[in-house]
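Enquirer: Data file query-v2.tsv (TSV, C-alpha atoms) is appended below.
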```
chain	number	residue	atom	x	y	z
A	1	MET	CA	-157.84	-133.65	-69.26
A	2	ARG	CA	-160.06	-135.53	-71.67
A	3	ALA	CA	-157.41	-135.50	-74.41
A	4	THR	CA	-154.89	-136.94	-71.96
A	5	ARG	CA	-157.32	-139.64	-70.92
A	6	ILE	CA	-157.74	-140.70	-74.53
A	7	GLY	CA	-154.07	-140.24	-75.36
A	8	LEU	CA	-152.90	-142.71	-72.72
A	9	LEU	CA	-154.98	-145.45	-74.26
A	10	ALA	CA	-153.96	-144.41	-77.73
A	11	ALA	CA	-150.33	-144.90	-76.80
A	12	ALA	CA	-151.11	-148.32	-75.39
A	13	ALA	CA	-152.82	-149.30	-78.62
A	14	LEU	CA	-149.60	-148.73	-80.52
A	15	ALA	CA	-147.86	-151.38	-78.42
A	16	ALA	CA	-150.14	-154.22	-79.56
A	17	ALA	CA	-148.23	-157.49	-79.61
A	18	ALA	CA	-147.69	-159.59	-82.71
A	19	PRO	CA	-149.33	-163.02	-82.90
A	20	GLY	CA	-147.42	-165.91	-81.41
A	21	TRP	CA	-144.76	-167.64	-83.53
A	22	GLY	CA	-143.32	-171.08	-82.97
A	23	GLN	CA	-140.19	-172.78	-84.28
A	24	SER	CA	-139.88	-174.51	-87.65
A	25	PRO	CA	-136.30	-175.25	-88.78
A	26	ASP	CA	-136.76	-174.84	-92.53
A	27	LEU	CA	-139.71	-172.44	-92.54
A	28	ALA	CA	-137.68	-169.44	-93.74
A	29	LEU	CA	-136.16	-171.43	-96.61
A	30	ARG	CA	-139.56	-172.67	-97.78
A	31	LEU	CA	-141.06	-169.20	-97.50
A	32	GLU	CA	-138.16	-167.77	-99.50
A	33	ARG	CA	-138.96	-170.17	-102.32
A	34	ARG	CA	-142.59	-169.08	-102.30
A	35	ALA	CA	-141.61	-165.41	-102.11
A	36	ALA	CA	-139.23	-165.80	-105.05
A	37	ALA	CA	-142.14	-167.28	-107.02
A	38	GLY	CA	-144.11	-164.08	-106.41
A	39	ASN	CA	-146.19	-164.93	-103.33
A	40	ALA	CA	-146.85	-161.65	-101.51
A	41	GLU	CA	-148.03	-163.27	-98.29
A	42	ALA	CA	-144.83	-165.35	-98.11
A	43	ARG	CA	-142.90	-162.07	-98.12
A	44	TYR	CA	-144.99	-160.84	-95.19
A	45	HIS	CA	-144.28	-163.99	-93.19
A	46	LEU	CA	-140.57	-163.72	-93.94
A	47	GLY	CA	-140.74	-160.17	-92.62
A	48	MET	CA	-142.28	-161.48	-89.43
A	49	LEU	CA	-139.53	-164.09	-89.03
A	50	TYR	CA	-136.76	-161.52	-89.38
A	51	ASN	CA	-138.66	-158.94	-87.35
A	52	ASN	CA	-138.97	-161.31	-84.39
A	53	GLY	CA	-135.80	-163.38	-84.86
A	54	ILE	CA	-137.71	-166.66	-85.23
A	55	GLY	CA	-135.62	-169.39	-86.85
A	56	VAL	CA	-133.35	-166.71	-88.32
A	57	PRO	CA	-131.21	-163.93	-86.81
A	58	ARG	CA	-133.25	-160.86	-85.98
A	59	ASP	CA	-132.67	-158.37	-88.79
A	60	PRO	CA	-134.93	-155.27	-88.83
A	61	ARG	CA	-133.55	-154.04	-92.15
A	62	ARG	CA	-134.26	-157.33	-93.86
A	63	ALA	CA	-137.68	-157.50	-92.20
A	64	PHE	CA	-138.46	-154.01	-93.46
A	65	ALA	CA	-137.43	-155.00	-96.98
A	66	PHE	CA	-139.71	-158.03	-96.93
A	67	PHE	CA	-142.62	-156.01	-95.54
A	68	ARG	CA	-142.15	-153.41	-98.26
A	69	ALA	CA	-142.03	-156.10	-100.94
A	70	ALA	CA	-145.19	-157.69	-99.51
A	71	ALA	CA	-147.01	-154.36	-99.31
A	72	GLU	CA	-146.05	-153.32	-102.83
A	73	ALA	CA	-147.30	-156.70	-104.07
A	74	GLY	CA	-150.68	-156.10	-102.43
A	75	ASP	CA	-150.50	-157.87	-99.05
A	76	PRO	CA	-152.38	-155.71	-96.49
A	77	LEU	CA	-150.64	-157.22	-93.47
A	78	GLY	CA	-147.31	-156.40	-95.06
A	79	ALA	CA	-148.62	-152.85	-95.51
A	80	TYR	CA	-149.53	-152.70	-91.82
A	81	LYS	CA	-146.09	-153.79	-90.66
A	82	LEU	CA	-144.49	-151.36	-93.10
A	83	GLY	CA	-146.60	-148.65	-91.49
A	84	CYS	CA	-145.44	-149.78	-88.06
A	85	TYR	CA	-141.81	-149.36	-89.13
A	86	TYR	CA	-142.51	-145.87	-90.44
A	87	ALA	CA	-144.26	-145.10	-87.15
A	88	GLY	CA	-141.01	-145.85	-85.32
A	89	GLN	CA	-142.47	-148.82	-83.48
A	90	PHE	CA	-139.30	-150.88	-83.91
A	91	GLY	CA	-136.72	-148.38	-82.78
A	92	GLY	CA	-135.96	-146.77	-86.12
A	93	GLU	CA	-133.28	-149.33	-86.94
A	94	ALA	CA	-134.40	-149.88	-90.53
A	95	VAL	CA	-135.96	-146.58	-91.58
A	96	ALA	CA	-136.39	-143.07	-90.22
A	97	PRO	CA	-139.86	-142.40	-88.80
A	98	ASP	CA	-142.23	-140.80	-91.28
A	99	GLU	CA	-145.70	-140.04	-90.00
A	100	GLY	CA	-147.21	-139.60	-93.43
A	101	GLU	CA	-145.89	-142.92	-94.70
A	102	ALA	CA	-147.00	-144.64	-91.48
A	103	LEU	CA	-150.57	-143.44	-91.97
A	104	ARG	CA	-150.51	-144.21	-95.70
A	105	TRP	CA	-149.63	-147.86	-95.23
A	106	LYS	CA	-151.74	-148.45	-92.15
A	107	LEU	CA	-154.73	-147.09	-94.03
A	108	VAL	CA	-154.22	-149.80	-96.65
A	109	ALA	CA	-154.58	-152.47	-93.96
A	110	ALA	CA	-157.39	-150.63	-92.16
A	111	ARG	CA	-159.47	-150.42	-95.33
A	112	ALA	CA	-158.82	-154.11	-95.94
A	113	GLY	CA	-160.36	-154.85	-92.52
A	114	TYR	CA	-157.42	-155.39	-90.14
A	115	SER	CA	-158.54	-154.41	-86.64
A	116	LEU	CA	-155.13	-153.31	-85.31
A	117	ALA	CA	-154.65	-151.06	-88.33
A	118	GLN	CA	-158.12	-149.58	-87.84
A	119	ASN	CA	-157.30	-148.84	-84.22
A	120	ASP	CA	-153.92	-147.35	-85.12
A	121	VAL	CA	-155.49	-145.07	-87.74
A	122	ALA	CA	-157.99	-143.93	-85.12
A	123	VAL	CA	-155.08	-143.26	-82.73
A	124	HIS	CA	-153.45	-141.08	-85.39
A	125	TYR	CA	-156.54	-138.87	-85.50
A	126	LEU	CA	-157.09	-138.91	-81.73
A	127	ARG	CA	-153.61	-137.53	-81.17
A	128	ARG	CA	-154.56	-134.58	-83.40
A	129	GLU	CA	-157.95	-134.15	-81.75
A	130	GLN	CA	-159.60	-134.96	-85.08
A	131	TRP	CA	-162.47	-136.66	-83.33
A	132	ALA	CA	-164.84	-136.97	-86.29
A	133	GLU	CA	-162.13	-138.67	-88.37
A	134	ALA	CA	-161.23	-141.04	-85.53
A	135	ARG	CA	-164.74	-142.18	-84.67
A	136	PRO	CA	-165.53	-144.40	-87.72
A	137	TRP	CA	-162.21	-146.21	-87.36
A	138	LEU	CA	-162.85	-146.76	-83.65
A	139	GLU	CA	-166.27	-148.14	-84.51
A	140	ALA	CA	-164.78	-150.49	-87.11
A	141	ALA	CA	-162.14	-151.78	-84.68
A	142	GLY	CA	-164.64	-151.95	-81.84
A	143	ARG	CA	-166.92	-154.15	-83.93
A	144	GLN	CA	-164.03	-156.59	-84.08
A	145	GLY	CA	-163.69	-156.62	-80.30
A	146	GLU	CA	-160.72	-154.25	-79.90
A	147	ALA	CA	-160.91	-153.19	-76.26
A	148	GLN	CA	-158.87	-150.01	-76.69
A	149	ALA	CA	-161.15	-148.83	-79.49
A	150	LEU	CA	-164.25	-149.50	-77.40
A	151	TYR	CA	-162.81	-147.56	-74.46
A	152	ASN	CA	-161.92	-144.59	-76.64
A	153	LEU	CA	-165.40	-144.66	-78.16
A	154	SER	CA	-166.79	-144.44	-74.64
A	155	MET	CA	-164.70	-141.35	-73.97
A	156	LEU	CA	-165.75	-139.70	-77.23
A	157	HIS	CA	-169.43	-140.22	-76.42
A	158	HIS	CA	-168.94	-139.21	-72.80
A	159	ASP	CA	-167.28	-135.89	-73.70
A	160	GLY	CA	-169.15	-135.20	-76.93
A	161	LEU	CA	-166.04	-135.25	-79.10
A	162	GLY	CA	-166.78	-135.51	-82.81
A	163	GLY	CA	-170.52	-135.56	-82.18
A	164	ALA	CA	-173.18	-135.00	-79.56
A	165	PRO	CA	-172.54	-136.54	-76.12
A	166	SER	CA	-174.45	-139.72	-75.36
A	167	ARG	CA	-174.54	-141.12	-71.85
A	168	PRO	CA	-176.03	-144.46	-72.96
A	169	HIS	CA	-173.30	-144.97	-75.55
A	170	ALA	CA	-170.58	-143.91	-73.13
A	171	TRP	CA	-171.76	-146.44	-70.52
A	172	ALA	CA	-172.31	-149.24	-73.02
A	173	TYR	CA	-168.95	-148.83	-74.76
A	174	PHE	CA	-167.11	-148.62	-71.44
A	175	ARG	CA	-168.76	-151.82	-70.25
A	176	LEU	CA	-168.01	-153.53	-73.56
A	177	SER	CA	-164.37	-152.41	-73.42
A	178	GLN	CA	-163.94	-154.07	-70.03
A	179	LEU	CA	-165.52	-157.31	-71.18
A	180	ALA	CA	-163.43	-157.33	-74.37
A	181	GLY	CA	-160.18	-156.60	-72.56
A	182	ARG	CA	-160.61	-158.53	-69.32
A	183	GLY	CA	-163.49	-160.90	-69.88
A	184	GLU	CA	-165.35	-159.53	-66.86
A	185	ILE	CA	-166.38	-156.36	-65.07
A	186	THR	CA	-163.69	-155.85	-62.45
A	187	GLU	CA	-164.04	-153.91	-59.19
A	188	ASN	CA	-162.03	-151.08	-60.72
A	189	ALA	CA	-164.53	-150.83	-63.57
A	190	GLU	CA	-167.61	-150.90	-61.35
A	191	ARG	CA	-167.06	-147.38	-59.98
A	192	PRO	CA	-166.87	-145.51	-63.32
A	193	LEU	CA	-169.80	-147.56	-64.60
A	194	ALA	CA	-171.83	-146.54	-61.56
A	195	GLU	CA	-170.82	-142.90	-61.99
A	196	MET	CA	-171.99	-142.94	-65.60
A	197	TRP	CA	-175.18	-144.79	-64.69
A	198	ALA	CA	-176.32	-142.51	-61.85
A	199	PRO	CA	-177.27	-139.36	-63.83
A	200	MET	CA	-179.11	-141.22	-66.59
A	201	SER	CA	-182.87	-141.16	-66.92
A	202	GLU	CA	-184.85	-144.39	-67.04
A	203	ALA	CA	-185.09	-144.09	-70.81
A	204	GLU	CA	-181.32	-143.58	-71.08
A	205	ARG	CA	-180.67	-146.57	-68.84
A	206	ALA	CA	-182.91	-148.74	-70.97
A	207	GLU	CA	-181.07	-147.58	-74.09
A	208	ALA	CA	-177.65	-148.18	-72.48
A	209	THR	CA	-178.65	-151.69	-71.46
A	210	ARG	CA	-179.99	-152.40	-74.94
A	211	LEU	CA	-176.83	-151.14	-76.62
A	212	ALA	CA	-174.58	-153.30	-74.46
A	213	ALA	CA	-176.78	-156.39	-74.83
A	214	THR	CA	-177.18	-156.23	-78.60
A	215	PHE	CA	-173.61	-155.26	-79.53
A	216	VAL	CA	-172.15	-157.99	-81.74
A	217	THR	CA	-168.47	-158.39	-82.54
A	218	GLY	CA	-166.78	-160.46	-85.18
A	219	GLN	CA	-163.32	-160.47	-86.69
A	220	THR	CA	-162.81	-160.02	-90.42
A	221	PRO	CA	-161.03	-162.73	-92.42
A	222	LEU	CA	-157.92	-160.52	-92.54
A	223	THR	CA	-157.83	-160.09	-88.76
A	224	ARG	CA	-158.29	-163.82	-88.30
A	225	ARG	CA	-155.47	-164.47	-90.75
A	226	ALA	CA	-153.16	-162.17	-88.83
A	227	MET	CA	-153.87	-164.06	-85.63
A	228	GLU	CA	-152.96	-167.44	-87.12
A	229	GLY	CA	-149.24	-166.67	-86.92
A	230	VAL	CA	-146.89	-169.53	-87.68
A	231	GLU	CA	-149.67	-171.95	-88.56
A	232	ARG	CA	-150.63	-169.71	-91.45
A	233	ALA	CA	-146.97	-169.25	-92.42
A	234	GLU	CA	-146.54	-173.02	-92.54
A	235	ARG	CA	-149.52	-173.36	-94.88
A	236	VAL	CA	-148.23	-170.63	-97.16
A	237	ALA	CA	-144.75	-172.20	-97.18
A	238	SER	CA	-146.24	-175.55	-98.16
A	239	GLY	CA	-148.33	-174.00	-100.95
A	240	ALA	CA	-151.62	-174.56	-99.13
A	241	GLY	CA	-152.17	-171.00	-97.97
```
Just give me the structure as structure tokens.

Expert:
Amino acid sequence: MRATRIGLLAAAALAAAAPGWGQSPDLALRLERRAAAGNAEARYHLGMLYNNGIGVPRDPRRAFAFFRAAAEAGDPLGAYKLGCYYAGQFGGEAVAPDEGEALRWKLVAARAGYSLAQNDVAVHYLRREQWAEARPWLEAAGRQGEAQALYNLSMLHHDGLGGAPSRPHAWAYFRLSQLAGRGEITENAERPLAEMWAPMSEAERAEATRLAATFVTGQTPLTRRAMEGVERAERVASGAG
């Protein structure tokens, strides 16, 4: 039961949406010039354009080629998207799924600090019930405010997976996951919070409250860059990125 509970959220984490992209008539052309001059990030942005069909016809094979070129030139976001293709997240149109390659490339982005990659790497280990391997990646993503990672951390601490169970940590991470994902504690979240709160001692309750109150999140520069979307692509295309 506990593996299923975690697995459902793990599957949801794989469906994370790409940052928003707007229209720019000559953006692809300008990015192509930068890419031809050796700019790895320009190759990543071109991959995003062809992946999403923004300003150009949607072309998964061409997107995959640009992501591979970006990744091989050292762009960690290109590595992440390459990993997504190998994970079969885009229907397998460009490349056959390869779990090992998916993990390999997502690890590049996770180690560089990208929160979605960190969460996806954790998901990889959760699916295999490799709790100890998953936990540090969940912590890294959770520190960046990833709600799914915080929820899964709560479940690990609640059930003692990959370490000793901790009721204060389970309560605190569950509360934090709701605030990160919804911005508030909803009625649906109040019941499980109350159920986790009830059996705790006074000392545990004090620790749970402290953990929730002192938890600080902050996105890495790479995660912030990923969220900039077309604005960042425009700067790269103009040579200002």

Enquirer: Do you know which residues are at most 10 Å from region 160-165 of chain A counting all atoms listed in the file, after dropping those on the same chain fewer than 3 positions away, and could you put them as a PDB file with C-alpha atoms, in the coordinates of the input?

Expert:
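Result written to selection_14.pdb:
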```pdb
ATOM      1  CA  ARG A   2    -160.060-135.530 -71.670  1.00  0.00           C
ATOM      2  CA  ALA A   3    -157.410-135.500 -74.410  1.00  0.00           C
ATOM      3  CA  GLU A 129    -157.950-134.150 -81.750  1.00  0.00           C
ATOM      4  CA  GLN A 130    -159.600-134.960 -85.080  1.00  0.00           C
ATOM      5  CA  TRP A 131    -162.470-136.660 -83.330  1.00  0.00           C
ATOM      6  CA  ALA A 132    -164.840-136.970 -86.290  1.00  0.00           C
ATOM      7  CA  GLU A 133    -162.130-138.670 -88.370  1.00  0.00           C
ATOM      8  CA  ALA A 134    -161.230-141.040 -85.530  1.00  0.00           C
ATOM      9  CA  ARG A 135    -164.740-142.180 -84.670  1.00  0.00           C
ATOM     10  CA  LEU A 153    -165.400-144.660 -78.160  1.00  0.00           C
ATOM     11  CA  SER A 154    -166.790-144.440 -74.640  1.00  0.00           C
ATOM     12  CA  MET A 155    -164.700-141.350 -73.970  1.00  0.00           C
ATOM     13  CA  LEU A 156    -165.750-139.700 -77.230  1.00  0.00           C
ATOM     14  CA  HIS A 157    -169.430-140.220 -76.420  1.00  0.00           C
ATOM     15  CA  PRO A 168    -176.030-144.460 -72.960  1.00  0.00           C
ATOM     16  CA  HIS A 169    -173.300-144.970 -75.550  1.00  0.00           C
ATOM     17  CA  ALA A 170    -170.580-143.910 -73.130  1.00  0.00           C
TER      18      ALA A 170
END
```

Enquirer: Point out the residue among A:Leu126, A:Val236, A:Gln118, A:Glu207 with the least atom-to-atom distance to Glu139 (chain A), counting all atoms listed in the file.

Expert: A:Gln118

Enquirer: Around (-139.5, -155.7, -103.8) in the file's own coordinates, what residues are found within 12 Å if you use only C-alpha atoms, given back as JSON, numbers by chain?

Expert: {"A": [35, 36, 38, 39, 40, 43, 44, 62, 63, 64, 65, 66, 67, 68, 69, 70, 71, 72, 73, 74, 78]}

Enquirer: Go ahead and compute the interatomic distance for CA of Gly53 (chain A) and CA of Glu99 (chain A), in Å to one decimal.

Expert: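 Computing it gives 25.9 Å between the two atoms.
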
Enquirer: For region 179-193 of chain A, list every protein, DNA or RNA residue within 7 Å, evaluated using only C-alpha atoms, and leave out those in the same chain fewer than 4 positions away; present the list as a PyMOL selection string.

Expert: chain A and resi 145-147+171+175+197

Enquirer: Output the selection as an mmCIF file, in the coordinates of the input - C-alpha atoms for each residue.

Expert:
```
data_model
loop_
_atom_site.group_PDB
_atom_site.id
_atom_site.type_symbol
_atom_site.label_atom_id
_atom_site.label_comp_id
_atom_site.auth_asym_id
_atom_site.auth_seq_id
_atom_site.Cartn_x
_atom_site.Cartn_y
_atom_site.Cartn_z
ATOM 1 C CA GLY A 145 -163.690 -156.620 -80.300
ATOM 2 C CA GLU A 146 -160.720 -154.250 -79.900
ATOM 3 C CA ALA A 147 -160.910 -153.190 -76.260
ATOM 4 C CA TRP A 171 -171.760 -146.440 -70.520
ATOM 5 C CA ARG A 175 -168.760 -151.820 -70.250
ATOM 6 C CA TRP A 197 -175.180 -144.790 -64.690
#
```

Enquirer: Please indicate the distance in Å from CA of Ala208 (chain A) to CA of Ser166 (chain A), rounded to one decimal place.

Expert: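 CA of Ala208 (chain A) sits 9.5 Å away from CA of Ser166 (chain A).
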
Enquirer: Record the distance separating CA of Ala79 (chain A) and CA of Trp105 (chain A), expressed in Å with one decimal.

Expert: 5.1 Å

Enquirer: Nearest to Pro76 (chain A) among A:Glu41, A:Asp98, A:Glu93, A:Glu204, with distances taken over all atoms listed in the file: which residue is it?

Expert: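 Selected residue with least distance to Pro76 (chain A): A:Glu41.
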
Enquirer: Using only C-alpha atoms, pick whichever of A:Val216, A:Pro97, A:Gly92, A:Ala237 has the shortest atom-to-atom distance to Arg33 (chain A).

Expert: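 The closest residue to Arg33 (chain A) is A:Ala237.
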
Enquirer: Which is closer to Ser177 (chain A) than all the others in A:Ala194, A:Leu138, A:Met227, A:Ile54, using all atoms listed in the file?

Expert: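 The shortest atom-to-atom distance to Ser177 (chain A) comes from A:Leu138.
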
Enquirer: Find the residues around Arg143 (chain A) up to 8 Å (only C-alpha atoms counted), leave out those fewer than 5 positions away in its own chain, and share them as a PyMOL selection string.

Expert: chain A and resi 216-219

Enquirer: What would the file look like if the residues just selected were written as a CSV table (one decimal), in the frame of the given file with C-alpha atoms?

Expert:
```csv
chain,number,residue,atom,x,y,z
A,216,VAL,CA,-172.2,-158.0,-81.7
A,217,THR,CA,-168.5,-158.4,-82.5
A,218,GLY,CA,-166.8,-160.5,-85.2
A,219,GLN,CA,-163.3,-160.5,-86.7
```

Enquirer: Nearest to Ala109 (chain A) among A:Ala226, A:Leu176, A:Ala203, A:Ala240, with distances taken over only C-alpha atoms: which residue is it?

Expert: A:Ala226

Enquirer: Would you list the residues near (-130.9, -167.8, -89.8), meaning any protein, DNA or RNA residue with an atom at most 12 Å from that point in file coordinates, counting only C-alpha atoms, as number ranges by chain?

Expert: A: 23-29, 46, 49-50, 52-59, 62

Enquirer: Take region 174-186 of chain A from the preceding structure and save N, CA and C atoms as a PDB file, in the first residue's frame.

Expert:
```pdb
ATOM      1  N   PHE A 174       4.549  16.893   5.055  1.00  0.00           N
ATOM      2  CA  PHE A 174       3.218  16.866   4.443  1.00  0.00           C
ATOM      3  C   PHE A 174       2.632  18.277   4.418  1.00  0.00           C
ATOM      4  N   ARG A 175       2.753  18.983   5.516  1.00  0.00           N
ATOM      5  CA  ARG A 175       2.236  20.349   5.574  1.00  0.00           C
ATOM      6  C   ARG A 175       2.934  21.232   4.533  1.00  0.00           C
ATOM      7  N   LEU A 176       4.255  21.107   4.453  1.00  0.00           N
ATOM      8  CA  LEU A 176       5.013  21.901   3.495  1.00  0.00           C
ATOM      9  C   LEU A 176       4.641  21.561   2.052  1.00  0.00           C
ATOM     10  N   SER A 177       4.359  20.290   1.787  1.00  0.00           N
ATOM     11  CA  SER A 177       3.973  19.899   0.427  1.00  0.00           C
ATOM     12  C   SER A 177       2.660  20.552   0.020  1.00  0.00           C
ATOM     13  N   GLN A 178       1.741  20.675   0.959  1.00  0.00           N
ATOM     14  CA  GLN A 178       0.453  21.305   0.644  1.00  0.00           C
ATOM     15  C   GLN A 178       0.620  22.798   0.399  1.00  0.00           C
ATOM     16  N   LEU A 179       1.438  23.444   1.196  1.00  0.00           N
ATOM     17  CA  LEU A 179       1.677  24.872   1.017  1.00  0.00           C
ATOM     18  C   LEU A 179       2.421  25.144  -0.291  1.00  0.00           C
ATOM     19  N   ALA A 180       3.371  24.255  -0.629  1.00  0.00           N
ATOM     20  CA  ALA A 180       4.128  24.440  -1.871  1.00  0.00           C
ATOM     21  C   ALA A 180       3.256  24.204  -3.093  1.00  0.00           C
ATOM     22  N   GLY A 181       2.369  23.226  -3.015  1.00  0.00           N
ATOM     23  CA  GLY A 181       1.560  22.877  -4.172  1.00  0.00           C
ATOM     24  C   GLY A 181       0.294  23.681  -4.335  1.00  0.00           C
ATOM     25  N   ARG A 182      -0.295  24.101  -3.219  1.00  0.00           N
ATOM     26  CA  ARG A 182      -1.597  24.766  -3.269  1.00  0.00           C
ATOM     27  C   ARG A 182      -1.611  26.155  -2.653  1.00  0.00           C
ATOM     28  N   GLY A 183      -0.566  26.482  -1.925  1.00  0.00           N
ATOM     29  CA  GLY A 183      -0.489  27.798  -1.314  1.00  0.00           C
ATOM     30  C   GLY A 183      -1.284  27.930  -0.028  1.00  0.00           C
ATOM     31  N   GLU A 184      -1.918  26.835   0.391  1.00  0.00           N
ATOM     32  CA  GLU A 184      -2.710  26.862   1.617  1.00  0.00           C
ATOM     33  C   GLU A 184      -2.955  25.433   2.094  1.00  0.00           C
ATOM     34  N   ILE A 185      -3.438  25.317   3.318  1.00  0.00           N
ATOM     35  CA  ILE A 185      -3.828  24.018   3.840  1.00  0.00           C
ATOM     36  C   ILE A 185      -5.313  23.850   3.563  1.00  0.00           C
ATOM     37  N   THR A 186      -5.639  22.977   2.642  1.00  0.00           N
ATOM     38  CA  THR A 186      -7.033  22.782   2.251  1.00  0.00           C
ATOM     39  C   THR A 186      -7.755  21.871   3.250  1.00  0.00           C
TER      40      THR A 186
END
```
